[in-house]
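> Take a look at this one; I'll ask things after.
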Amino acid sequence: MAVTEYIAPRPAVPERCLPAKRKAEEEEEEEYGYARLLRRQVEEVFRNNRMVAVCQYNSMPGEDMVLMRYYLRKHNIEVKFVLNEIIRPVLSQSRYKNLLPLFVSRNILLVSPETKAKEMLRVLKGVPQVNLLGALVDDTILSRQGVENFAKLPSLEASQGQTLGTLALLPSQTCSMLQHGAAHLTALLDGHIHQLQAGAGKTESPAGTEPAQSSGTQ
Amino acid sequence: MASRIRVVLRPVKSIVVRFCPFESNVESTRTFLQCINHKRIQATNRNCEVSADVRHDGSEPLVDVMFADGERLIMKGANLTTAEMLTALGSRCNAKELKAEQKSKKNP
């Protein structure tokens with residue numbers, strides 16, 4: 001008799017559940033739009049700047065942050081806060097994949113169209129809460145030690161001048177080297193002539209006095 | 001996380017955090033450095049020097065804590081989580097604080 005018992009059908013899923021899924025999708029699309037904008041901004045940063053330094057950001061008082069930003073801005077270096085979830089996909093698709101391990105916990109980027117590494121290091125020395133991890137300078141990934149070495153290099157103009165000076169040194173000596181043999185020979189001949197003249201002068205003066213004596217005796 | 005694990009840095013003289021950022025096992029050490037620099041923990045001892053030593057030699061991440069009584073705590077962060085490192089440091093600091101309090105009670 002249990003077979004003929006009435007089994008009530010399960011109640012249908014209330015409609016509240018279905019619209020909620022659509023809302024989550026809409027939110028995802030909105031976030032996706034904002035995330036896309038942030039990713040585009042990050043790509044632009046990497047494209048337009050010659051120097052991008054990655055630093056670990058430990059919490060620091062607001063006034064120190066403002067002062068640091070001010071001193072860096074004086075050297076045309078901007079401070080940008082980045083989110084790891086935005087920057088990781090951008091880097092994994094670009095050719096800077098080796099920078100990926102740096103983006104763990106809170107980071108900031110110090111970006112600049114110039115490569116003033118010395119000034120940047122000087123400012124960061126006064127800020128112990130920001131630790132330089134590495135940098136991307138002119139499409140080259142540098143470690144912290146690499147940035148310090150890069151800062152010690154002379155400027156491009158100075159090194160160009162030094163190279164030109166070294167290259168011009170040898171040709172400047174060629175002229176004197178080529179003339180050296182002939183000049184040496186000339187000097188030797190001159191000296192020889194002087195010696196002969198001096199010797200002839202000595203023989204003439206005793207020869208001059210002898211005829212005078214002989215004419216005197218005669 | 002830093003606010004949940006209370007670390008009193010009074011018995012600590014200096015903390016040096018050494019790591020190589022291009023390695024893949026440095027996350028917990030870097031997060032530890034971030035937590036240690038939090039204002040609440042820093043406020044417990046303004047004289048404690050916290051410094052970061054960033055290298056590129058493939059060495060293991062290391063936290064070197066020097067206490068005021070000469071004791072030294074070295075934590076190799078490659079296989080530790082941040083919470084473990086913080087609780088280890090916190091428990092040692094608390095123990096030293098208790099010892100110091102007891103000494104001061106005995107010698108008024």
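Starting from 1 in every chain, residues are counted up; chains themselves are A, B, ... following the order of the structure tokens, and ligands are numbered from 1 as listed.
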Given a cut-off of 12 Å, which residues of chain B touch chain A, counting only C-alpha atoms, written out as a VMD selection string?
chain B and resid 2 17 to 42 49 to 58 82
> Counting only C-alpha atoms, what is within 12 Å of Arg73 in chain A, bar same-chain residues fewer than 3 positions away, as a PDB file with N, CA, C and O atoms, in the first residue's frame?

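Resulting contents of result.pdb:
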ATOM      1  N   VAL A  66      54.811  61.237   2.264  1.00  0.00           N
ATOM      2  CA  VAL A  66      54.662  62.459   1.463  1.00  0.00           C
ATOM      3  C   VAL A  66      56.045  63.059   1.180  1.00  0.00           C
ATOM      4  O   VAL A  66      56.343  63.475   0.057  1.00  0.00           O
ATOM      5  N   LEU A  67      56.906  63.065   2.202  1.00  0.00           N
ATOM      6  CA  LEU A  67      58.254  63.627   2.015  1.00  0.00           C
ATOM      7  C   LEU A  67      59.037  62.824   0.984  1.00  0.00           C
ATOM      8  O   LEU A  67      59.706  63.386   0.113  1.00  0.00           O
ATOM      9  N   MET A  68      58.921  61.501   1.073  1.00  0.00           N
ATOM     10  CA  MET A  68      59.657  60.641   0.143  1.00  0.00           C
ATOM     11  C   MET A  68      59.177  60.892  -1.279  1.00  0.00           C
ATOM     12  O   MET A  68      59.968  61.033  -2.211  1.00  0.00           O
ATOM     13  N   ARG A  69      57.857  60.997  -1.449  1.00  0.00           N
ATOM     14  CA  ARG A  69      57.298  61.237  -2.784  1.00  0.00           C
ATOM     15  C   ARG A  69      57.784  62.576  -3.314  1.00  0.00           C
ATOM     16  O   ARG A  69      58.068  62.730  -4.497  1.00  0.00           O
ATOM     17  N   TYR A  70      57.876  63.577  -2.411  1.00  0.00           N
ATOM     18  CA  TYR A  70      58.303  64.915  -2.808  1.00  0.00           C
ATOM     19  C   TYR A  70      59.753  64.888  -3.293  1.00  0.00           C
ATOM     20  O   TYR A  70      60.084  65.415  -4.368  1.00  0.00           O
ATOM     21  N   ASN A  76      62.135  63.652 -10.903  1.00  0.00           N
ATOM     22  CA  ASN A  76      61.258  63.123 -11.945  1.00  0.00           C
ATOM     23  C   ASN A  76      60.991  61.629 -11.773  1.00  0.00           C
ATOM     24  O   ASN A  76      60.854  60.900 -12.753  1.00  0.00           O
ATOM     25  N   ILE A  77      60.935  61.161 -10.526  1.00  0.00           N
ATOM     26  CA  ILE A  77      60.630  59.744 -10.248  1.00  0.00           C
ATOM     27  C   ILE A  77      59.258  59.700  -9.587  1.00  0.00           C
ATOM     28  O   ILE A  77      59.037  60.335  -8.563  1.00  0.00           O
ATOM     29  N   GLU A  78      58.350  58.912 -10.182  1.00  0.00           N
ATOM     30  CA  GLU A  78      56.992  58.811  -9.618  1.00  0.00           C
ATOM     31  C   GLU A  78      56.861  57.544  -8.802  1.00  0.00           C
ATOM     32  O   GLU A  78      57.475  56.522  -9.120  1.00  0.00           O
ATOM     33  N   VAL A  79      56.003  57.616  -7.772  1.00  0.00           N
ATOM     34  CA  VAL A  79      55.750  56.443  -6.936  1.00  0.00           C
ATOM     35  C   VAL A  79      54.387  55.882  -7.303  1.00  0.00           C
ATOM     36  O   VAL A  79      53.397  56.609  -7.309  1.00  0.00           O
ATOM     37  N   LYS A  80      54.343  54.589  -7.638  1.00  0.00           N
ATOM     38  CA  LYS A  80      53.053  53.988  -8.008  1.00  0.00           C
ATOM     39  C   LYS A  80      52.817  52.760  -7.136  1.00  0.00           C
ATOM     40  O   LYS A  80      53.687  51.900  -7.014  1.00  0.00           O
ATOM     41  N   LEU A 110      58.828  52.503  -8.469  1.00  0.00           N
ATOM     42  CA  LEU A 110      59.357  53.853  -8.648  1.00  0.00           C
ATOM     43  C   LEU A 110      59.709  53.965 -10.127  1.00  0.00           C
ATOM     44  O   LEU A 110      60.618  53.294 -10.602  1.00  0.00           O
ATOM     45  N   VAL A 111      58.955  54.788 -10.850  1.00  0.00           N
ATOM     46  CA  VAL A 111      59.122  54.830 -12.307  1.00  0.00           C
ATOM     47  C   VAL A 111      59.645  56.192 -12.714  1.00  0.00           C
ATOM     48  O   VAL A 111      59.316  57.209 -12.108  1.00  0.00           O
ATOM     49  N   SER A 112      60.459  56.178 -13.783  1.00  0.00           N
ATOM     50  CA  SER A 112      61.004  57.435 -14.265  1.00  0.00           C
ATOM     51  C   SER A 112      61.395  57.295 -15.728  1.00  0.00           C
ATOM     52  O   SER A 112      61.899  56.252 -16.134  1.00  0.00           O
ATOM     53  N   PRO A 113      61.180  58.342 -16.524  1.00  0.00           N
ATOM     54  CA  PRO A 113      61.655  58.284 -17.911  1.00  0.00           C
ATOM     55  C   PRO A 113      63.167  58.463 -18.015  1.00  0.00           C
ATOM     56  O   PRO A 113      63.743  58.220 -19.074  1.00  0.00           O
ATOM     57  N   GLU A 114      63.799  58.932 -16.920  1.00  0.00           N
ATOM     58  CA  GLU A 114      65.269  59.013 -16.920  1.00  0.00           C
ATOM     59  C   GLU A 114      65.811  57.911 -16.029  1.00  0.00           C
ATOM     60  O   GLU A 114      65.059  57.212 -15.380  1.00  0.00           O
ATOM     61  N   LYS A 116      67.990  58.000 -13.162  1.00  0.00           N
ATOM     62  CA  LYS A 116      68.767  58.634 -12.098  1.00  0.00           C
ATOM     63  C   LYS A 116      68.841  57.691 -10.903  1.00  0.00           C
ATOM     64  O   LYS A 116      68.159  57.882  -9.897  1.00  0.00           O
ATOM     65  N   GLU A 119      70.454  59.253  -7.418  1.00  0.00           N
ATOM     66  CA  GLU A 119      69.570  60.086  -6.602  1.00  0.00           C
ATOM     67  C   GLU A 119      68.499  59.239  -5.927  1.00  0.00           C
ATOM     68  O   GLU A 119      68.142  59.455  -4.767  1.00  0.00           O
ATOM     69  N   MET A 120      68.015  58.234  -6.669  1.00  0.00           N
ATOM     70  CA  MET A 120      66.970  57.367  -6.096  1.00  0.00           C
ATOM     71  C   MET A 120      67.516  56.620  -4.879  1.00  0.00           C
ATOM     72  O   MET A 120      66.868  56.537  -3.832  1.00  0.00           O
ATOM     73  N   VAL A 123      67.769  58.891  -1.815  1.00  0.00           N
ATOM     74  CA  VAL A 123      66.494  59.133  -1.130  1.00  0.00           C
ATOM     75  C   VAL A 123      66.067  57.894  -0.360  1.00  0.00           C
ATOM     76  O   VAL A 123      65.611  57.970   0.788  1.00  0.00           O
TER      77      VAL A 123
END
> Neighbouring residues of range 93-96 of chain B were defined as those with any atom within 12 Å, considering only C-alpha atoms; residues of the same chain fewer than 6 positions away were excluded. Please report them as a short mmCIF file (atom, residue, chain, number, x, y, z; two decimals) with N, CA, C and O atoms, in the first residue's frame.

data_model
loop_
_atom_site.label_atom_id
_atom_site.label_comp_id
_atom_site.auth_asym_id
_atom_site.auth_seq_id
_atom_site.Cartn_x
_atom_site.Cartn_y
_atom_site.Cartn_z
N ILE B 5 48.67 38.65 16.41
CA ILE B 5 49.79 38.05 17.15
C ILE B 5 50.57 39.19 17.78
O ILE B 5 51.22 39.97 17.08
N ARG B 6 50.46 39.29 19.09
CA ARG B 6 51.12 40.41 19.76
C ARG B 6 52.56 40.06 20.06
O ARG B 6 52.85 39.07 20.71
N VAL B 7 53.45 40.92 19.56
CA VAL B 7 54.87 40.72 19.81
C VAL B 7 55.37 41.96 20.52
O VAL B 7 55.18 43.07 20.03
N VAL B 8 55.99 41.74 21.70
CA VAL B 8 56.52 42.87 22.45
C VAL B 8 58.02 42.88 22.23
O VAL B 8 58.72 41.97 22.67
N LEU B 9 58.50 43.90 21.54
CA LEU B 9 59.90 43.88 21.13
C LEU B 9 60.85 44.46 22.18
O LEU B 9 62.00 44.73 21.86
N ARG B 10 60.37 44.63 23.41
CA ARG B 10 61.23 45.28 24.40
C ARG B 10 62.55 44.57 24.63
O ARG B 10 63.60 45.20 24.72
N PRO B 11 62.58 43.24 24.75
CA PRO B 11 63.88 42.60 24.97
C PRO B 11 64.73 42.44 23.71
O PRO B 11 65.81 41.85 23.76
N VAL B 12 64.27 43.00 22.57
CA VAL B 12 65.00 42.78 21.32
C VAL B 12 65.88 43.99 21.02
O VAL B 12 65.44 45.13 21.14
N LYS B 13 67.13 43.70 20.61
CA LYS B 13 68.03 44.80 20.28
C LYS B 13 67.94 45.12 18.78
O LYS B 13 67.83 46.26 18.38
N THR B 44 56.19 49.16 20.51
CA THR B 44 56.60 48.53 21.77
C THR B 44 58.06 48.78 22.08
O THR B 44 58.49 48.68 23.22
N ASN B 45 58.87 49.08 21.05
CA ASN B 45 60.29 49.38 21.31
C ASN B 45 60.83 50.22 20.17
O ASN B 45 61.11 49.71 19.09
N VAL B 65 67.56 37.55 14.93
CA VAL B 65 67.09 38.41 16.02
C VAL B 65 68.14 38.43 17.11
O VAL B 65 68.54 37.38 17.60
N MET B 66 68.57 39.63 17.47
CA MET B 66 69.56 39.78 18.54
C MET B 66 68.84 40.34 19.76
O MET B 66 68.22 41.40 19.68
N PHE B 67 68.89 39.64 20.88
CA PHE B 67 68.21 40.12 22.09
C PHE B 67 69.17 40.96 22.92
O PHE B 67 70.39 40.89 22.77
N ALA B 68 68.58 41.73 23.84
CA ALA B 68 69.39 42.64 24.66
C ALA B 68 70.30 41.88 25.61
O ALA B 68 71.36 42.38 26.00
N ASP B 69 69.91 40.65 26.02
CA ASP B 69 70.77 39.91 26.94
C ASP B 69 71.80 39.05 26.22
O ASP B 69 72.41 38.18 26.81
N GLY B 70 71.99 39.29 24.91
CA GLY B 70 73.03 38.59 24.18
C GLY B 70 72.56 37.34 23.46
O GLY B 70 73.29 36.77 22.66
N GLU B 71 71.32 36.91 23.72
CA GLU B 71 70.84 35.69 23.05
C GLU B 71 70.51 36.01 21.61
O GLU B 71 70.17 37.15 21.26
N ARG B 72 70.62 34.98 20.78
CA ARG B 72 70.40 35.19 19.34
C ARG B 72 69.40 34.15 18.84
O ARG B 72 69.49 32.97 19.18
N LEU B 73 68.43 34.59 18.03
CA LEU B 73 67.45 33.67 17.46
C LEU B 73 67.56 33.75 15.95
O LEU B 73 67.42 34.82 15.38
N LEU B 86 56.22 34.59 13.73
CA LEU B 86 55.78 35.62 14.67
C LEU B 86 55.50 35.02 16.04
O LEU B 86 55.87 35.61 17.07
N THR B 87 54.84 33.85 16.08
CA THR B 87 54.54 33.24 17.39
C THR B 87 55.82 32.81 18.08
O THR B 87 55.95 32.96 19.31
N GLN B 102 60.06 39.33 36.97
CA GLN B 102 60.32 38.61 38.21
C GLN B 102 61.59 39.11 38.87
O GLN B 102 61.66 39.29 40.08
N LYS B 103 62.62 39.37 38.07
CA LYS B 103 63.88 39.88 38.62
C LYS B 103 63.66 41.23 39.28
O LYS B 103 64.17 41.51 40.36
#
> From a backbone DSSP assignment, name each residue in range 67-107 of chain B labelled alpha helix (DSSP H), as a list in words.
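Going through range 67-107 of chain B, the alpha helix (DSSP H) residues come out as Thr82, Ala83, Glu84, Met85, Leu86, Thr87, Ala88, Leu89, Gly90, Ser91, Arg92, Cys93, Asn94, Ala95, Lys96, Glu97, Leu98, Lys99, Ala100, Glu101, Gln102, Lys103, Ser104, Lys105 and Lys106 of chain B.
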> Residues near Arg95 in chain A, anyone? I mean within 12 Å using only C-alpha atoms, not counting same-chain ones fewer than 6 positions away, as a list in words.
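The residues satisfying every condition are Glu43, Phe46, Arg47, Pro89, Leu136, Asp139, Thr140 and Ile141 of chain A.
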> Could you tell me how far CA of Arg36 in chain A sits from CA of Met51 in chain A, in Å to one decimal place?
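Between CA of Met51 in chain A and CA of Arg36 in chain A the gap works out to 23.4 Å.
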> Chain B: which residues are strand (DSSP E) by DSSP, as a VMD selection string?
chain B and resid 12 to 19 49 to 54 62 to 67 72 to 76
> Atoms to include: N, CA and C atoms. Write the selected residues as a PDB file, in the first residue's frame.

ATOM      1  N   VAL B  12      64.272  43.003  22.571  1.00  0.00           N
ATOM      2  CA  VAL B  12      64.999  42.784  21.319  1.00  0.00           C
ATOM      3  C   VAL B  12      65.881  43.987  21.024  1.00  0.00           C
ATOM      4  N   LYS B  13      67.127  43.705  20.614  1.00  0.00           N
ATOM      5  CA  LYS B  13      68.034  44.801  20.275  1.00  0.00           C
ATOM      6  C   LYS B  13      67.944  45.117  18.779  1.00  0.00           C
ATOM      7  N   SER B  14      68.020  44.054  17.938  1.00  0.00           N
ATOM      8  CA  SER B  14      67.972  44.312  16.498  1.00  0.00           C
ATOM      9  C   SER B  14      67.429  43.090  15.774  1.00  0.00           C
ATOM     10  N   ILE B  15      66.815  43.371  14.622  1.00  0.00           N
ATOM     11  CA  ILE B  15      66.313  42.279  13.773  1.00  0.00           C
ATOM     12  C   ILE B  15      66.856  42.515  12.369  1.00  0.00           C
ATOM     13  N   VAL B  16      67.517  41.506  11.816  1.00  0.00           N
ATOM     14  CA  VAL B  16      68.003  41.608  10.438  1.00  0.00           C
ATOM     15  C   VAL B  16      67.273  40.552   9.625  1.00  0.00           C
ATOM     16  N   VAL B  17      66.612  40.973   8.551  1.00  0.00           N
ATOM     17  CA  VAL B  17      65.895  40.027   7.696  1.00  0.00           C
ATOM     18  C   VAL B  17      66.651  39.942   6.383  1.00  0.00           C
ATOM     19  N   ARG B  18      67.214  38.771   6.107  1.00  0.00           N
ATOM     20  CA  ARG B  18      68.007  38.607   4.894  1.00  0.00           C
ATOM     21  C   ARG B  18      67.249  37.714   3.915  1.00  0.00           C
ATOM     22  N   PHE B  19      67.110  38.173   2.666  1.00  0.00           N
ATOM     23  CA  PHE B  19      66.436  37.320   1.683  1.00  0.00           C
ATOM     24  C   PHE B  19      66.876  37.699   0.281  1.00  0.00           C
ATOM     25  N   GLU B  49      66.254  48.093  16.098  1.00  0.00           N
ATOM     26  CA  GLU B  49      66.577  48.378  14.701  1.00  0.00           C
ATOM     27  C   GLU B  49      66.131  47.206  13.838  1.00  0.00           C
ATOM     28  N   VAL B  50      65.258  47.499  12.893  1.00  0.00           N
ATOM     29  CA  VAL B  50      64.820  46.467  11.954  1.00  0.00           C
ATOM     30  C   VAL B  50      65.419  46.806  10.603  1.00  0.00           C
ATOM     31  N   SER B  51      66.241  45.909  10.074  1.00  0.00           N
ATOM     32  CA  SER B  51      66.848  46.202   8.774  1.00  0.00           C
ATOM     33  C   SER B  51      66.647  45.020   7.844  1.00  0.00           C
ATOM     34  N   ALA B  52      66.598  45.335   6.554  1.00  0.00           N
ATOM     35  CA  ALA B  52      66.421  44.292   5.538  1.00  0.00           C
ATOM     36  C   ALA B  52      67.691  44.203   4.712  1.00  0.00           C
ATOM     37  N   ASP B  53      68.179  42.988   4.518  1.00  0.00           N
ATOM     38  CA  ASP B  53      69.394  42.765   3.740  1.00  0.00           C
ATOM     39  C   ASP B  53      68.975  42.041   2.456  1.00  0.00           C
ATOM     40  N   VAL B  54      68.949  42.800   1.348  1.00  0.00           N
ATOM     41  CA  VAL B  54      68.459  42.224   0.095  1.00  0.00           C
ATOM     42  C   VAL B  54      69.655  41.758  -0.716  1.00  0.00           C
ATOM     43  N   LEU B  62      66.436  34.389   5.813  1.00  0.00           N
ATOM     44  CA  LEU B  62      66.894  34.245   7.188  1.00  0.00           C
ATOM     45  C   LEU B  62      66.406  35.413   8.018  1.00  0.00           C
ATOM     46  N   VAL B  63      66.000  35.134   9.263  1.00  0.00           N
ATOM     47  CA  VAL B  63      65.655  36.218  10.182  1.00  0.00           C
ATOM     48  C   VAL B  63      66.586  36.083  11.374  1.00  0.00           C
ATOM     49  N   ASP B  64      67.371  37.098  11.626  1.00  0.00           N
ATOM     50  CA  ASP B  64      68.380  37.064  12.691  1.00  0.00           C
ATOM     51  C   ASP B  64      67.956  38.060  13.765  1.00  0.00           C
ATOM     52  N   VAL B  65      67.563  37.549  14.933  1.00  0.00           N
ATOM     53  CA  VAL B  65      67.092  38.413  16.017  1.00  0.00           C
ATOM     54  C   VAL B  65      68.143  38.427  17.113  1.00  0.00           C
ATOM     55  N   MET B  66      68.573  39.634  17.471  1.00  0.00           N
ATOM     56  CA  MET B  66      69.563  39.783  18.544  1.00  0.00           C
ATOM     57  C   MET B  66      68.840  40.342  19.756  1.00  0.00           C
ATOM     58  N   PHE B  67      68.886  39.639  20.882  1.00  0.00           N
ATOM     59  CA  PHE B  67      68.212  40.117  22.094  1.00  0.00           C
ATOM     60  C   PHE B  67      69.169  40.958  22.923  1.00  0.00           C
ATOM     61  N   ARG B  72      70.619  34.978  20.777  1.00  0.00           N
ATOM     62  CA  ARG B  72      70.396  35.186  19.342  1.00  0.00           C
ATOM     63  C   ARG B  72      69.402  34.145  18.843  1.00  0.00           C
ATOM     64  N   LEU B  73      68.429  34.590  18.030  1.00  0.00           N
ATOM     65  CA  LEU B  73      67.454  33.667  17.464  1.00  0.00           C
ATOM     66  C   LEU B  73      67.560  33.748  15.954  1.00  0.00           C
ATOM     67  N   ILE B  74      67.851  32.602  15.328  1.00  0.00           N
ATOM     68  CA  ILE B  74      67.945  32.585  13.868  1.00  0.00           C
ATOM     69  C   ILE B  74      66.816  31.724  13.350  1.00  0.00           C
ATOM     70  N   MET B  75      65.985  32.317  12.468  1.00  0.00           N
ATOM     71  CA  MET B  75      64.868  31.559  11.900  1.00  0.00           C
ATOM     72  C   MET B  75      65.065  31.461  10.399  1.00  0.00           C
ATOM     73  N   LYS B  76      65.100  30.249   9.884  1.00  0.00           N
ATOM     74  CA  LYS B  76      65.258  30.062   8.446  1.00  0.00           C
ATOM     75  C   LYS B  76      63.867  29.976   7.843  1.00  0.00           C
TER      76      LYS B  76
END
> Find the distance between CA of Arg40 in chain A and CA of Val137 in chain A and write it in Å to one decimal.
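Separation of CA of Arg40 in chain A and CA of Val137 in chain A: 20.3 Å.
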